[in-house]
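Below is one structure, written out as C-alpha cells; the observations come after it.
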Number of protein chains: 2
Amino acid sequence: MIEALVFDAYGTLYDVHSVVRRCESFWPGRGTALSAAWRSKQLEYTWLRSLMGRYAPFSQVTLEALRFACEAMKLPLGGEQERALMDEYTRLATFPEVASFLQKRSGRRAILSNGSPDMLDPLVAHSGLRFDAVLSVDEVGVYKPSPQVYELAVQRLRIAKERIGFVSSNCWDAIGAKAFGFQVYWVNRGSAPLDRLGFAPDGIVSSLQDLP
Amino acid sequence: MIEALVFDAYGTLYDVHSVVRRCESFWPGRGTALSAAWRSKQLEYTWLRSLMGRYAPFSQVTLEALRFACEAMKLPLGGEQERALMDEYTRLATFPEVASFLQKRSGRRAILSNGSPDMLDPLVAHSGLRFDAVLSVDEVGVYKPSPQVYELAVQRLRIAKERIGFVSSNCWDAIGAKAFGFQVYWVNRGSAPLDRLGFAPDGIVSSLQDLP
C-alpha cells in the first residue's frame with residue numbers, strides 16, 4: 001500500500017547535534033547548550049518567517065540562529081567560527097542505524113527537507129546515502145509544517161498522499177504530515193512526549209529499524 | 001503622527017510568569033522551570049497550528065501546552081491543577097509601570113492579542129485597565145506574526161498602519177508588526193538580543209515609561 005518512503009533529513013537521518021564537538025572546541029563546556037539553543041532558534045525562525053510571509057533560505061536562517069544563540073549565551077562569534085560551524089552542517093553524522101536500514105529496504109525513497117539546496121545537496125552527497133529525490137522547501141518558499149511543503153512530495157513523486165509513508169523524528173513535523181494526509185511514523189529516539197496539535201502519527205518507533 | 005497605540009497583552013502588559021507562584025505551590029522547586037516550558041510550548045503551538053492551517057483558540061492551545069510541559073517534566077497534572085493554572089491566566093499581574101503609564105497617556109489605545117476572548121476579556125476586566133478596543137486573533141483564525149493579525153487592528157481602528165504605534169515585549173511580535181508596516185517599539189525588559197528576522201523595531205525601550 002505504501003509506494004514510497006519520504007524522510008525528513010535534519011534530526012531524522014542526520015544528527016544536527018553532531019555539531020557539538022566543534023562547538024566544544026571553540027567554547028569548552030558550552031557545546032551541548034549552544035547546539036540546543038542554535039537548533040531551537042533555527043526552527044523558531046523557520047516558523048516565524050513562514051508566518052510573516054518572509055521566507056529566507058535555510059542557510060541564512062541557520063546562520064542567523066547561530067548569531068542569536070551566541071549572543072544570548074555571550075559567546076564571541078568570529079568569521080572563522082561561523083564558517084566552521086556552518087560547514088559542519090554539510091557533514092552532519094547520520095544516526096547509527098540509517099545506512100543499514102536504507103540498504104535493506106527496497107522501493108522508492110525521497111528526502112523532504114527544510115534545507116536549502118546549498119546545504120542539503122552537499123550533506124546528502126557527503127553521507128553517501130542514495131535517494132530517488134531530494135526535495136527542498138526552497139521550491140515552495142515556506143517551511144514545514146505548511147501543507148504546501150508536503151504537497152511538494154505528492155507532486156514530484158506523483159504518488160497519492162495516502163500511499164506515501166512519511167518518517168520524521170520531529171514530532172511537530174510528523175503531526176503536520178499527518179494533518180496533510182500521509183501515513184506517518186514518528187521516530188521518537190529520546191522518548192519525548194507527544195506534541196498536542198490535534199493529530200497523532202500512525203506509528204511511533206524508537207529507531208528506523210523498528211519501522212514496519 | 002501616531003494616532004493610536006496598540007499593545008500586545010501577554011508578556012507586554014500582563015506578566016505570564018506571574019503563574020510561577022501557583023506552579024510552585026503544586027510542585028515546589030519546579031515553578032520557574034515549568035512556567036518557562038509552558039510559555040515556550042504555548043508560543044510554539046500557536047506558530048505550528050497557524051502554519052498547519054489548524055487554528056484552535058488560545059485557551060485550548062494554552063491547556064495543551066501545559067499538559068505537554070508537565071509530561072515532559074514528569075509533573076503529575078490533575079484536573080484540579082489544570083483548572084487552577086488556567087484560572088491564573090485570567091488574573092495575571094500587570095507589569096509595575098503599566099497602570100501609571102496608561103493613566104498619564106491620552107489618545108486612543110487598543111490591545112491586539114493572541115488570547116481568545118474567553119481568556120482575554122476576563123483578564124482585562126480583572127486588571128481594571130481600560131482600552132478603546134480589545135482585539136483578538138480569534139477573529140481571523142491565525143496567530144501572530146501573520147500579517148492578517150496586524151491588519152485586523154487597521155480595519156477595526158480605521159487608522160492607516162503608518163499611524164499606529166505598536167508596542168510588544170515579544171521581539172518576534174515587534175518584528176512581525178514592523179514587517180507589516182506599523183511604527184514599532186520593542187519593550188526589552190530582560191536585555192535580550194534582537195531576533196534576526198530581517199526587520200528591526202523603530203525603537204527599543206526597557207519599560208513602557210521610556211516610550212517616546
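Labels used: A, B, ... for chains in the order of the C-alpha cells, numbers from 1 for residues in each chain, and numbers from 1 for ligands as shown.
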As a short mmCIF file (atom, residue, chain, number, x, y, z; two decimals) with all heavy atoms, in the first residue's frame, please: the residues near Ser116 in chain B (cut-off 8 Å, only C-alpha atoms, same-chain neighbours under 4 positions excluded).
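As a result, selection_31.cif now contains:
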data_model
loop_
_atom_site.label_atom_id
_atom_site.label_comp_id
_atom_site.auth_asym_id
_atom_site.auth_seq_id
_atom_site.Cartn_x
_atom_site.Cartn_y
_atom_site.Cartn_z
N PRO B 57 -8.41 27.89 19.49
CA PRO B 57 -8.36 29.07 20.37
C PRO B 57 -7.21 28.98 21.38
O PRO B 57 -6.80 27.89 21.77
CB PRO B 57 -9.71 29.05 21.08
CG PRO B 57 -10.59 28.15 20.29
CD PRO B 57 -9.68 27.18 19.59
N PHE B 58 -6.76 30.14 21.81
CA PHE B 58 -5.62 30.23 22.71
C PHE B 58 -5.87 29.49 24.02
O PHE B 58 -4.93 28.95 24.61
CB PHE B 58 -5.34 31.71 23.00
CG PHE B 58 -3.94 31.99 23.49
CD1 PHE B 58 -2.83 31.67 22.73
CD2 PHE B 58 -3.74 32.62 24.72
CE1 PHE B 58 -1.54 31.96 23.17
CE2 PHE B 58 -2.45 32.92 25.17
CZ PHE B 58 -1.35 32.59 24.40
N SER B 59 -7.11 29.44 24.46
CA SER B 59 -7.40 28.71 25.70
C SER B 59 -7.07 27.22 25.52
O SER B 59 -6.48 26.59 26.39
CB SER B 59 -8.87 28.90 26.11
OG SER B 59 -9.73 28.74 25.00
N LEU B 120 -9.03 36.46 27.36
CA LEU B 120 -8.57 37.84 27.30
C LEU B 120 -9.54 38.80 27.99
O LEU B 120 -9.11 39.68 28.75
CB LEU B 120 -8.39 38.22 25.83
CG LEU B 120 -7.73 39.54 25.49
CD1 LEU B 120 -6.32 39.62 26.08
CD2 LEU B 120 -7.69 39.73 23.97
N SER B 136 -8.80 40.35 19.33
CA SER B 136 -8.24 39.01 19.45
C SER B 136 -8.00 38.40 18.07
O SER B 136 -8.83 38.54 17.17
CB SER B 136 -9.21 38.11 20.23
OG SER B 136 -8.86 36.75 20.07
N VAL B 137 -6.90 37.66 17.93
CA VAL B 137 -6.62 36.94 16.69
C VAL B 137 -7.72 35.95 16.36
O VAL B 137 -7.83 35.48 15.22
CB VAL B 137 -5.28 36.16 16.76
CG1 VAL B 137 -4.12 37.08 17.11
CG2 VAL B 137 -5.35 35.00 17.73
N ASP B 138 -8.53 35.63 17.37
CA ASP B 138 -9.62 34.67 17.17
C ASP B 138 -10.54 35.08 16.02
O ASP B 138 -11.13 34.23 15.35
CB ASP B 138 -10.41 34.54 18.47
CG ASP B 138 -11.20 33.24 18.55
OD1 ASP B 138 -10.57 32.17 18.50
OD2 ASP B 138 -12.44 33.32 18.64
#
Quiz item: Residues of chain A in alpha helix (DSSP H) according to DSSP, as an NGL selection string?
Solution: :A and (20-26 or 31-52 or 58-72 or 79-88 or 98-104 or 117-127 or 147-157 or 171-180)
Quiz prompt | 8 Å contact set for Phe101 in chain A, only C-alpha atoms, chain neighbours under 4 positions out, as a VMD selection string | solution = chain A and resid 97 105 208 to 209
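Of the residues under consideration (B:Val98, B:Met52, B:Val61, B:Val140), B:Met52 shows the shortest atom-to-atom contact distance to Gly176 in chain A when counting only C-alpha atoms.
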Write out as a Markdown table the residues of chain A that have any atom within 8 Å of an atom of chain B, one row each with the nearest atom pair and its distance in Å to one decimal, counting only C-alpha atoms, sorted by chain and then rising number.
| residue | atom | partner | partner_atom | distance |
| --- | --- | --- | --- | --- |
| A:Glu44 | CA | B:Glu44 | CA | 7.6 |
| A:Tyr45 | CA | B:Leu197 | CA | 7.1 |
| A:Trp47 | CA | B:Trp47 | CA | 6.2 |
| A:Leu48 | CA | B:Pro145 | CA | 6.8 |
| A:Arg49 | CA | B:Leu197 | CA | 7.0 |
| A:Ser50 | CA | B:Leu51 | CA | 7.4 |
| A:Leu51 | CA | B:Ser146 | CA | 5.0 |
| A:Met52 | CA | B:Ser146 | CA | 5.0 |
| A:Gly53 | CA | B:Ser146 | CA | 7.5 |
| A:Glu64 | CA | B:Arg196 | CA | 5.7 |
| A:Ala65 | CA | B:Arg196 | CA | 7.2 |
| A:Phe68 | CA | B:Asp195 | CA | 6.6 |
| A:Glu71 | CA | B:Pro193 | CA | 6.5 |
| A:Ala72 | CA | B:Pro193 | CA | 6.0 |
| A:Lys144 | CA | B:Leu51 | CA | 7.7 |
| A:Pro145 | CA | B:Met52 | CA | 5.6 |
| A:Ser146 | CA | B:Leu51 | CA | 5.0 |
| A:Pro147 | CA | B:Met52 | CA | 6.2 |
| A:Trp172 | CA | B:Leu48 | CA | 7.5 |
| A:Gly176 | CA | B:Met52 | CA | 6.2 |
| A:Ala179 | CA | B:Met52 | CA | 7.6 |
| A:Ala192 | CA | B:Ala72 | CA | 6.9 |
| A:Pro193 | CA | B:Ala72 | CA | 6.0 |
| A:Leu194 | CA | B:Phe68 | CA | 7.5 |
| A:Asp195 | CA | B:Phe68 | CA | 6.6 |
| A:Arg196 | CA | B:Glu64 | CA | 5.7 |
| A:Leu197 | CA | B:Arg49 | CA | 7.0 |
Quiz prompt | Shortest interatomic distance to Gln81 in chain B - which of B:Trp27, B:Ala99, B:Ala36, B:Lys104, counting only C-alpha atoms | solution = B:Trp27
Exercise. Pick out each residue of chain B that DSSP on the backbone tags as strand (DSSP E or B); I need them as an NGL selection string.
Key: :B and (4-7 or 10 or 14 or 94 or 108-113 or 133-136 or 164-168 or 183-187 or 203-205)
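Straight-line separation from CA of Arg130 in chain B to CA of Pro201 in chain B: 25.7 Å.
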Env of Ala174 in chain A: 9 Å cut, atoms = only C-alpha atoms, seq-sep filter 3 positions within chain, self excluded. Answer as a compact mmCIF listing (two decimals) with all heavy atoms, in the first residue's frame.
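This went into around-v8.txt:
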# COMPACT_ATOMS: atom_id res chain seq x y z
N PRO A 145 5.59 23.18 9.17
CA PRO A 145 4.64 22.17 8.67
C PRO A 145 3.55 22.72 7.76
O PRO A 145 2.41 22.26 7.84
CB PRO A 145 4.03 21.62 9.96
CG PRO A 145 3.96 22.84 10.86
CD PRO A 145 5.14 23.69 10.49
N PHE A 166 5.61 8.72 5.50
CA PHE A 166 6.47 9.84 5.88
C PHE A 166 7.10 9.55 7.24
O PHE A 166 6.42 9.13 8.17
CB PHE A 166 5.66 11.14 5.93
CG PHE A 166 6.49 12.36 6.23
CD1 PHE A 166 7.23 12.98 5.24
CD2 PHE A 166 6.56 12.87 7.53
CE1 PHE A 166 8.00 14.10 5.51
CE2 PHE A 166 7.32 14.00 7.80
CZ PHE A 166 8.05 14.61 6.80
N VAL A 167 8.39 9.78 7.32
CA VAL A 167 9.16 9.41 8.52
C VAL A 167 9.89 10.64 9.05
O VAL A 167 10.69 11.25 8.32
CB VAL A 167 10.19 8.31 8.17
CG1 VAL A 167 10.97 7.91 9.43
CG2 VAL A 167 9.50 7.09 7.55
N SER A 168 9.62 11.00 10.30
CA SER A 168 10.32 12.15 10.90
C SER A 168 10.55 11.93 12.38
O SER A 168 9.73 11.33 13.07
CB SER A 168 9.51 13.44 10.69
OG SER A 168 10.22 14.55 11.25
N SER A 169 11.68 12.44 12.85
CA SER A 169 11.97 12.43 14.29
C SER A 169 11.44 13.68 14.98
O SER A 169 11.47 13.75 16.21
CB SER A 169 13.48 12.39 14.53
OG SER A 169 14.00 11.17 14.12
N ASN A 170 11.03 14.64 14.19
CA ASN A 170 10.48 15.87 14.76
C ASN A 170 8.97 15.69 14.89
O ASN A 170 8.26 15.64 13.89
CB ASN A 170 10.82 17.06 13.85
CG ASN A 170 12.33 17.27 13.74
OD1 ASN A 170 12.98 17.62 14.71
ND2 ASN A 170 12.88 17.01 12.56
N CYS A 171 8.51 15.63 16.12
CA CYS A 171 7.11 15.28 16.36
C CYS A 171 6.17 16.25 15.64
O CYS A 171 5.19 15.83 15.02
CB CYS A 171 6.83 15.27 17.86
SG CYS A 171 5.20 14.62 18.26
N ALA A 177 2.56 16.40 8.87
CA ALA A 177 2.43 15.49 7.73
C ALA A 177 1.17 14.64 7.84
O ALA A 177 0.52 14.32 6.84
CB ALA A 177 3.67 14.60 7.64
N LYS A 178 0.83 14.29 9.07
CA LYS A 178 -0.41 13.51 9.30
C LYS A 178 -1.63 14.37 9.00
O LYS A 178 -2.59 13.91 8.37
CB LYS A 178 -0.44 12.99 10.74
CG LYS A 178 -1.66 12.14 11.06
CD LYS A 178 -1.66 10.88 10.23
CE LYS A 178 -3.03 10.22 10.19
NZ LYS A 178 -3.07 9.12 9.20
N ALA A 179 -1.61 15.61 9.45
CA ALA A 179 -2.73 16.52 9.17
C ALA A 179 -2.91 16.69 7.66
O ALA A 179 -4.02 16.84 7.17
CB ALA A 179 -2.49 17.88 9.83
N VAL A 184 2.08 8.23 8.54
CA VAL A 184 3.20 8.88 9.23
C VAL A 184 3.77 8.04 10.37
O VAL A 184 3.03 7.48 11.19
CB VAL A 184 2.76 10.26 9.77
CG1 VAL A 184 3.85 10.87 10.64
CG2 VAL A 184 2.43 11.19 8.61
N TYR A 185 5.11 7.99 10.40
CA TYR A 185 5.82 7.35 11.51
C TYR A 185 6.71 8.36 12.19
O TYR A 185 7.53 9.01 11.55
CB TYR A 185 6.63 6.14 11.00
CG TYR A 185 5.71 5.12 10.40
CD1 TYR A 185 5.41 5.14 9.04
CD2 TYR A 185 5.05 4.21 11.22
CE1 TYR A 185 4.51 4.25 8.50
CE2 TYR A 185 4.14 3.31 10.69
CZ TYR A 185 3.87 3.34 9.33
OH TYR A 185 2.97 2.46 8.80
N TRP A 186 6.54 8.45 13.48
CA TRP A 186 7.37 9.34 14.29
C TRP A 186 8.49 8.52 14.92
O TRP A 186 8.22 7.58 15.66
CB TRP A 186 6.53 10.01 15.38
CG TRP A 186 7.31 10.87 16.34
CD1 TRP A 186 8.43 11.61 16.07
CD2 TRP A 186 7.03 11.07 17.73
NE1 TRP A 186 8.85 12.27 17.20
CE2 TRP A 186 8.02 11.96 18.24
CE3 TRP A 186 6.03 10.62 18.60
CZ2 TRP A 186 8.03 12.37 19.58
CZ3 TRP A 186 6.04 11.03 19.93
CH2 TRP A 186 7.03 11.90 20.40
N VAL A 187 9.73 8.89 14.60
CA VAL A 187 10.88 8.22 15.20
C VAL A 187 11.24 8.98 16.48
O VAL A 187 11.86 10.05 16.44
CB VAL A 187 12.08 8.22 14.23
CG1 VAL A 187 13.24 7.42 14.84
CG2 VAL A 187 11.69 7.62 12.88
N ALA A 200 -2.32 12.64 15.53
CA ALA A 200 -1.30 11.72 16.05
C ALA A 200 -0.72 10.92 14.90
O ALA A 200 -1.43 10.60 13.93
CB ALA A 200 -1.91 10.79 17.09
N PRO A 201 0.57 10.58 14.97
CA PRO A 201 1.17 9.76 13.92
C PRO A 201 0.50 8.38 13.88
O PRO A 201 -0.10 7.95 14.86
CB PRO A 201 2.63 9.60 14.37
CG PRO A 201 2.83 10.54 15.51
CD PRO A 201 1.50 10.89 16.06
Quiz item: Interatomic distance between CA of Met119 in chain A and CA of Ala93 in chain A?
Solution: 14.0 Å
Quiz prompt | Selection near range 86-92 of chain B, 8 Å with only C-alpha atoms, sequence-local residues under 4 positions removed, as a PyMOL selection string | solution = chain B and resi 14-16+18-19+22+62-63+82+119-120+122-123+126-127
Generate a file of the selected residues that holds C-alpha atoms, formatted as an mmCIF file, in the first residue's frame.
data_model
loop_
_atom_site.group_PDB
_atom_site.id
_atom_site.type_symbol
_atom_site.label_atom_id
_atom_site.label_comp_id
_atom_site.auth_asym_id
_atom_site.auth_seq_id
_atom_site.Cartn_x
_atom_site.Cartn_y
_atom_site.Cartn_z
ATOM 1 C CA TYR B 14 0.498 41.227 31.669
ATOM 2 C CA ASP B 15 3.256 39.092 33.138
ATOM 3 C CA VAL B 16 2.716 35.482 32.038
ATOM 4 C CA SER B 18 3.103 35.527 37.451
ATOM 5 C CA VAL B 19 1.823 31.923 37.326
ATOM 6 C CA ARG B 22 0.856 28.811 41.737
ATOM 7 C CA THR B 62 -2.542 27.049 26.409
ATOM 8 C CA LEU B 63 -4.030 23.981 28.090
ATOM 9 C CA GLU B 82 -5.271 22.286 35.390
ATOM 10 C CA MET B 119 -9.214 34.270 28.333
ATOM 11 C CA LEU B 120 -8.572 37.845 27.302
ATOM 12 C CA PRO B 122 -11.757 38.350 31.948
ATOM 13 C CA LEU B 123 -8.048 39.236 32.172
ATOM 14 C CA HIS B 126 -9.743 41.846 36.286
ATOM 15 C CA SER B 127 -6.829 44.224 35.743
#
Self-check item: For Glu3 in chain B: contacts at 8 Å, only C-alpha atoms, fewer than 5 positions along chain excluded, given as an MDAnalysis selection string
Solution: chainID B and resid 107:108 159 163:165
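Note that the spacing between CA of Ala33 in chain B and CA of Leu75 in chain B amounts to 11.4 Å.
Taking only C-alpha atoms into account, Phe131 in chain B lies nearest to B:Leu102 out of the set B:Leu102, B:Val20, B:Leu211, B:Ala153.
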